[in-house]
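Novice: Dropping in my_file_17.tsv, with TSV, C-alpha atoms.
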chain	number	residue	atom	x	y	z
A	24	MET	CA	-15.17	-3.22	18.77
A	25	ASP	CA	-18.50	-1.42	18.64
A	26	SER	CA	-20.14	1.12	16.34
A	27	VAL	CA	-18.36	4.04	18.04
A	28	ASP	CA	-14.97	2.43	17.43
A	29	MET	CA	-15.98	1.88	13.81
A	30	GLN	CA	-16.95	5.56	13.45
A	31	LEU	CA	-13.61	6.61	14.96
A	32	LEU	CA	-11.76	4.35	12.52
A	33	LYS	CA	-13.70	5.84	9.60
A	34	MET	CA	-12.85	9.37	10.73
A	35	LEU	CA	-9.15	8.56	11.21
A	36	ASN	CA	-9.07	6.75	7.88
A	37	ALA	CA	-10.45	9.87	6.17
A	38	ASN	CA	-8.26	12.28	8.15
A	39	ALA	CA	-5.60	10.95	10.53
A	40	ARG	CA	-5.07	14.51	11.76
A	41	ALA	CA	-8.66	14.92	12.99
A	42	SER	CA	-8.67	16.38	16.49
A	43	LEU	CA	-9.92	14.42	19.47
A	44	SER	CA	-12.51	17.12	20.17
A	45	GLU	CA	-13.78	17.00	16.57
A	46	MET	CA	-14.10	13.22	16.74
A	47	GLY	CA	-15.74	13.43	20.16
A	48	ARG	CA	-18.40	15.83	18.88
A	49	GLU	CA	-19.14	13.45	16.01
A	50	VAL	CA	-19.54	10.33	18.17
A	51	GLY	CA	-20.81	11.93	21.38
A	52	LEU	CA	-17.77	11.31	23.59
A	53	SER	CA	-15.45	13.50	25.64
A	54	ILE	CA	-11.89	14.12	24.48
A	55	SER	CA	-10.62	11.69	27.13
A	56	GLY	CA	-13.16	9.08	26.01
A	57	VAL	CA	-12.00	9.37	22.40
A	58	ARG	CA	-8.33	9.28	23.46
A	59	LYS	CA	-8.95	6.11	25.49
A	60	ARG	CA	-10.72	4.35	22.62
A	61	VAL	CA	-8.07	5.36	20.07
A	62	LYS	CA	-5.30	4.14	22.39
A	63	LEU	CA	-7.12	0.80	22.78
A	64	LEU	CA	-7.48	0.52	19.00
A	65	GLU	CA	-3.74	1.18	18.66
A	66	LYS	CA	-2.84	-1.28	21.44
A	67	SER	CA	-5.02	-4.02	19.92
A	68	GLY	CA	-3.24	-3.60	16.58
A	69	MET	CA	-6.40	-2.45	14.81
A	70	ILE	CA	-4.56	0.83	14.10
A	71	LYS	CA	-1.05	-0.03	12.93
A	72	GLY	CA	0.17	3.55	12.50
A	73	TYR	CA	-0.41	6.88	10.86
A	74	THR	CA	0.92	7.99	7.52
A	75	THR	CA	1.00	10.81	5.02
A	76	VAL	CA	-0.51	10.28	1.57
A	77	ILE	CA	1.79	11.75	-1.06
A	78	ASP	CA	0.55	12.55	-4.56
A	79	PRO	CA	2.84	10.34	-6.69
A	80	ARG	CA	2.50	12.60	-9.74
A	81	LYS	CA	3.80	15.60	-7.82
A	82	PHE	CA	6.61	13.41	-6.54
A	83	GLY	CA	7.65	12.57	-10.10
A	84	ARG	CA	6.04	9.12	-10.25
A	85	GLY	CA	3.19	9.61	-12.72
A	86	VAL	CA	3.14	6.10	-14.20
A	87	LEU	CA	1.44	3.33	-12.22
A	88	ALA	CA	1.80	-0.28	-13.33
A	89	PHE	CA	0.99	-3.69	-11.96
A	90	VAL	CA	3.70	-6.19	-12.74
A	91	ASN	CA	2.93	-9.91	-12.54
A	92	ILE	CA	6.12	-11.92	-12.14
A	93	GLU	CA	6.30	-15.70	-12.45
A	94	VAL	CA	9.29	-17.01	-10.50
A	95	ASP	CA	10.80	-20.46	-9.98
A	96	ALA	CA	10.53	-21.66	-6.39
A	97	ARG	CA	14.32	-21.64	-6.05
A	98	GLY	CA	14.60	-17.91	-6.63
A	99	VAL	CA	11.42	-16.42	-5.20
A	100	ARG	CA	13.06	-15.31	-1.92
A	101	ASP	CA	15.84	-13.45	-3.73
A	102	VAL	CA	13.36	-11.68	-6.00
A	103	ILE	CA	11.19	-10.69	-3.01
A	104	LYS	CA	14.24	-9.45	-1.09
A	105	THR	CA	15.49	-7.35	-4.00
A	106	LEU	CA	12.13	-5.88	-5.03
A	107	SER	CA	11.23	-5.07	-1.42
A	108	ARG	CA	14.19	-2.67	-1.37
A	109	CYS	CA	13.28	-0.87	-4.62
A	110	HIS	CA	11.73	2.57	-4.16
A	111	GLU	CA	9.65	2.06	-7.32
A	112	VAL	CA	7.80	-0.86	-5.70
A	113	CYS	CA	4.87	0.41	-3.63
A	114	GLU	CA	3.39	-3.00	-2.89
A	115	LEU	CA	4.57	-6.57	-3.37
A	116	HIS	CA	2.26	-9.56	-3.01
A	117	GLN	CA	2.67	-13.30	-3.43
A	118	THR	CA	-0.36	-14.58	-5.30
A	119	THR	CA	-1.96	-17.96	-5.94
A	120	GLY	CA	-1.05	-20.07	-8.91
A	121	GLY	CA	2.50	-21.18	-8.23
A	122	HIS	CA	5.20	-18.72	-7.42
A	123	ALA	CA	3.68	-15.60	-8.83
A	124	LEU	CA	4.38	-12.16	-7.44
A	125	LEU	CA	2.34	-9.04	-8.08
A	126	ALA	CA	4.14	-5.71	-7.73
A	127	LYS	CA	2.51	-2.28	-7.73
A	128	VAL	CA	5.15	-0.08	-9.32
A	129	ARG	CA	5.35	3.69	-9.78
A	130	THR	CA	7.85	5.34	-12.10
A	131	LYS	CA	8.44	8.70	-13.73
A	132	ASP	CA	7.51	7.55	-17.23
A	133	ILE	CA	7.19	4.51	-19.50
A	134	GLU	CA	10.90	4.56	-20.33
A	135	ASN	CA	11.79	4.30	-16.63
A	136	LEU	CA	9.23	1.53	-16.17
A	137	LYS	CA	10.83	-0.46	-19.00
A	138	LYS	CA	14.28	0.12	-17.50
A	139	PHE	CA	13.02	-1.01	-14.08
A	140	VAL	CA	11.54	-4.23	-15.51
A	141	ASP	CA	14.65	-4.93	-17.60
A	142	ASP	CA	17.25	-4.05	-14.95
A	143	ARG	CA	15.57	-5.11	-11.69
A	144	ILE	CA	13.19	-7.95	-12.53
A	145	SER	CA	14.19	-9.69	-15.76
A	146	VAL	CA	17.83	-10.06	-14.64
A	147	PHE	CA	16.97	-12.96	-12.34
A	148	ASP	CA	17.48	-16.41	-13.90
A	149	SER	CA	14.55	-17.63	-11.80
A	150	VAL	CA	12.08	-15.21	-13.42
A	151	LYS	CA	10.08	-17.16	-16.00
A	152	SER	CA	7.80	-14.38	-17.23
A	153	VAL	CA	6.86	-10.77	-16.59
A	154	ARG	CA	3.50	-9.24	-17.55
A	155	THR	CA	3.04	-5.52	-17.07
A	156	THR	CA	-0.28	-3.67	-16.98
A	157	ILE	CA	-0.12	0.12	-17.06
A	158	THR	CA	-3.02	1.99	-15.50
A	159	MET	CA	-4.61	4.78	-17.46
A	160	ASP	CA	-6.50	6.31	-14.53
A	161	THR	CA	-7.18	5.51	-10.88
A	162	PHE	CA	-10.70	5.97	-9.55
A	163	LYS	CA	-10.30	4.53	-6.09
A	164	GLU	CA	-7.28	3.61	-4.04
A	165	SER	CA	-7.33	2.83	-0.33
A	166	LEU	CA	-5.82	0.31	2.03
A	167	LEU	CA	-9.13	-0.53	3.68
A	168	ASN	CA	-12.58	0.84	3.01
A	169	VAL	CA	-14.29	0.98	6.42
Would you kindly transcribe this structure into structure tokens?
Specialist:
Amino acid sequence: MDSVDMQLLKMLNANARASLSEMGREVGLSISGVRKRVKLLEKSGMIKGYTTVIDPRKFGRGVLAFVNIEVDARGVRDVIKTLSRCHEVCELHQTTGGHALLAKVRTKDIENLKKFVDDRISVFDSVKSVRTTITMDTFKESLLNV
């Protein structure tokens, strides 16, 4: 990967719908040259796919919370399996420090967040503790800052 590939990744990260000709003008390549490089980036796995960014507030999910869940080793797989299927869970990570999970959760309001924690997380016997942090504002959110 060279500096041209990095520039192409930056452009696609900012706007996945950027045209090949627009990108080519920016990096000094022909349309076919850009197409070839993008295809190689896709084939190598550097680009995993393309997606649409939806405004969660306009989708009725205005509350963002990070939920730290401490789980016994015997039940961690079941909790992961269940939470991975929940539409409220945007991200789910296993973290250091035992069997802790960190879930990025979006709900309509605080009441729905409480219901989600009570009905989907706290119901597991293997869940030892749940700590919820509600965000007040988001200043930066990206998968990778290239």
Novice: Excluding region 143-150 of chain A and any residue of its chain fewer than 3 positions from it, enumerate the residues within 12 Å of it, using only C-alpha atoms, and give them as a ChimeraX atom specification.
Specialist: /A:90-112,122-126,128,135-140,153-155
Novice: Would you list the contacts of region 50-60 of chain A as a list of chain:residue names, taking every protein, DNA or RNA residue within 12 Å and counting all atoms listed in the file, but skipping same-chain residues closer than 5 positions in sequence?
Specialist: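 The residues that qualify are A:Met24, A:Asp25, A:Ser26, A:Val27, A:Asp28, A:Met29, A:Gln30, A:Leu31, A:Leu32, A:Lys33, A:Met34, A:Leu35, A:Ala41, A:Ser42, A:Leu43, A:Ser44, A:Glu45, A:Glu65, A:Lys66, A:Ser67, A:Met69, A:Ile70.
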Novice: From the set A:Thr158, A:Asn38, A:Ser165, A:Thr75, which residue has the shortest atom-to-atom contact distance to Arg129 (chain A), counting only C-alpha atoms?
Specialist: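 Looking at the shortest contact to Arg129 (chain A), the residue is A:Thr158.
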Novice: Got a sec: who's within 12 Å of Thr74 (chain A), counting only C-alpha atoms, leaving out chain neighbours fewer than 3 positions off, as an MDAnalysis selection string?
Specialist: chainID A and resid 35:40 70:71 77 166
Novice: Dump C-alpha atoms for the selected residues as a PDB file, keeping the file's coordinate frame?
Specialist:
ATOM      1  CA  LEU A  35      -9.150   8.560  11.210  1.00  0.00           C
ATOM      2  CA  ASN A  36      -9.070   6.750   7.880  1.00  0.00           C
ATOM      3  CA  ALA A  37     -10.450   9.870   6.170  1.00  0.00           C
ATOM      4  CA  ASN A  38      -8.260  12.280   8.150  1.00  0.00           C
ATOM      5  CA  ALA A  39      -5.600  10.950  10.530  1.00  0.00           C
ATOM      6  CA  ARG A  40      -5.070  14.510  11.760  1.00  0.00           C
ATOM      7  CA  ILE A  70      -4.560   0.830  14.100  1.00  0.00           C
ATOM      8  CA  LYS A  71      -1.050  -0.030  12.930  1.00  0.00           C
ATOM      9  CA  ILE A  77       1.790  11.750  -1.060  1.00  0.00           C
ATOM     10  CA  LEU A 166      -5.820   0.310   2.030  1.00  0.00           C
TER      11      LEU A 166
END
Novice: Measure the distance from CA of Lys151 (chain A) to CA of Asp132 (chain A) in Å and round it to one decimal.
Specialist: 24.9 Å
Novice: One number please: CA of Cys113 (chain A) to CA of Pro79 (chain A), in Å, one decimal.
Specialist: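 Computing the Euclidean distance for CA of Cys113 (chain A) and CA of Pro79 (chain A) yields 10.6 Å.
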Novice: By how many Å are CA of Thr118 (chain A) and CA of Phe89 (chain A) apart?
Specialist: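 Calculated distance between CA of Thr118 (chain A) and CA of Phe89 (chain A) is 12.8 Å.
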Novice: Take every atom of region 120-138 of chain A listed in the file, pad by 5 Å on each side, and give me the axis-aligned box centre and edge lengths in Å, one decimal, as JSON.
Specialist:
{"center_x": 6.6, "center_y": -6.2, "center_z": -13.9, "size_x": 25.3, "size_y": 39.9, "size_z": 22.9}
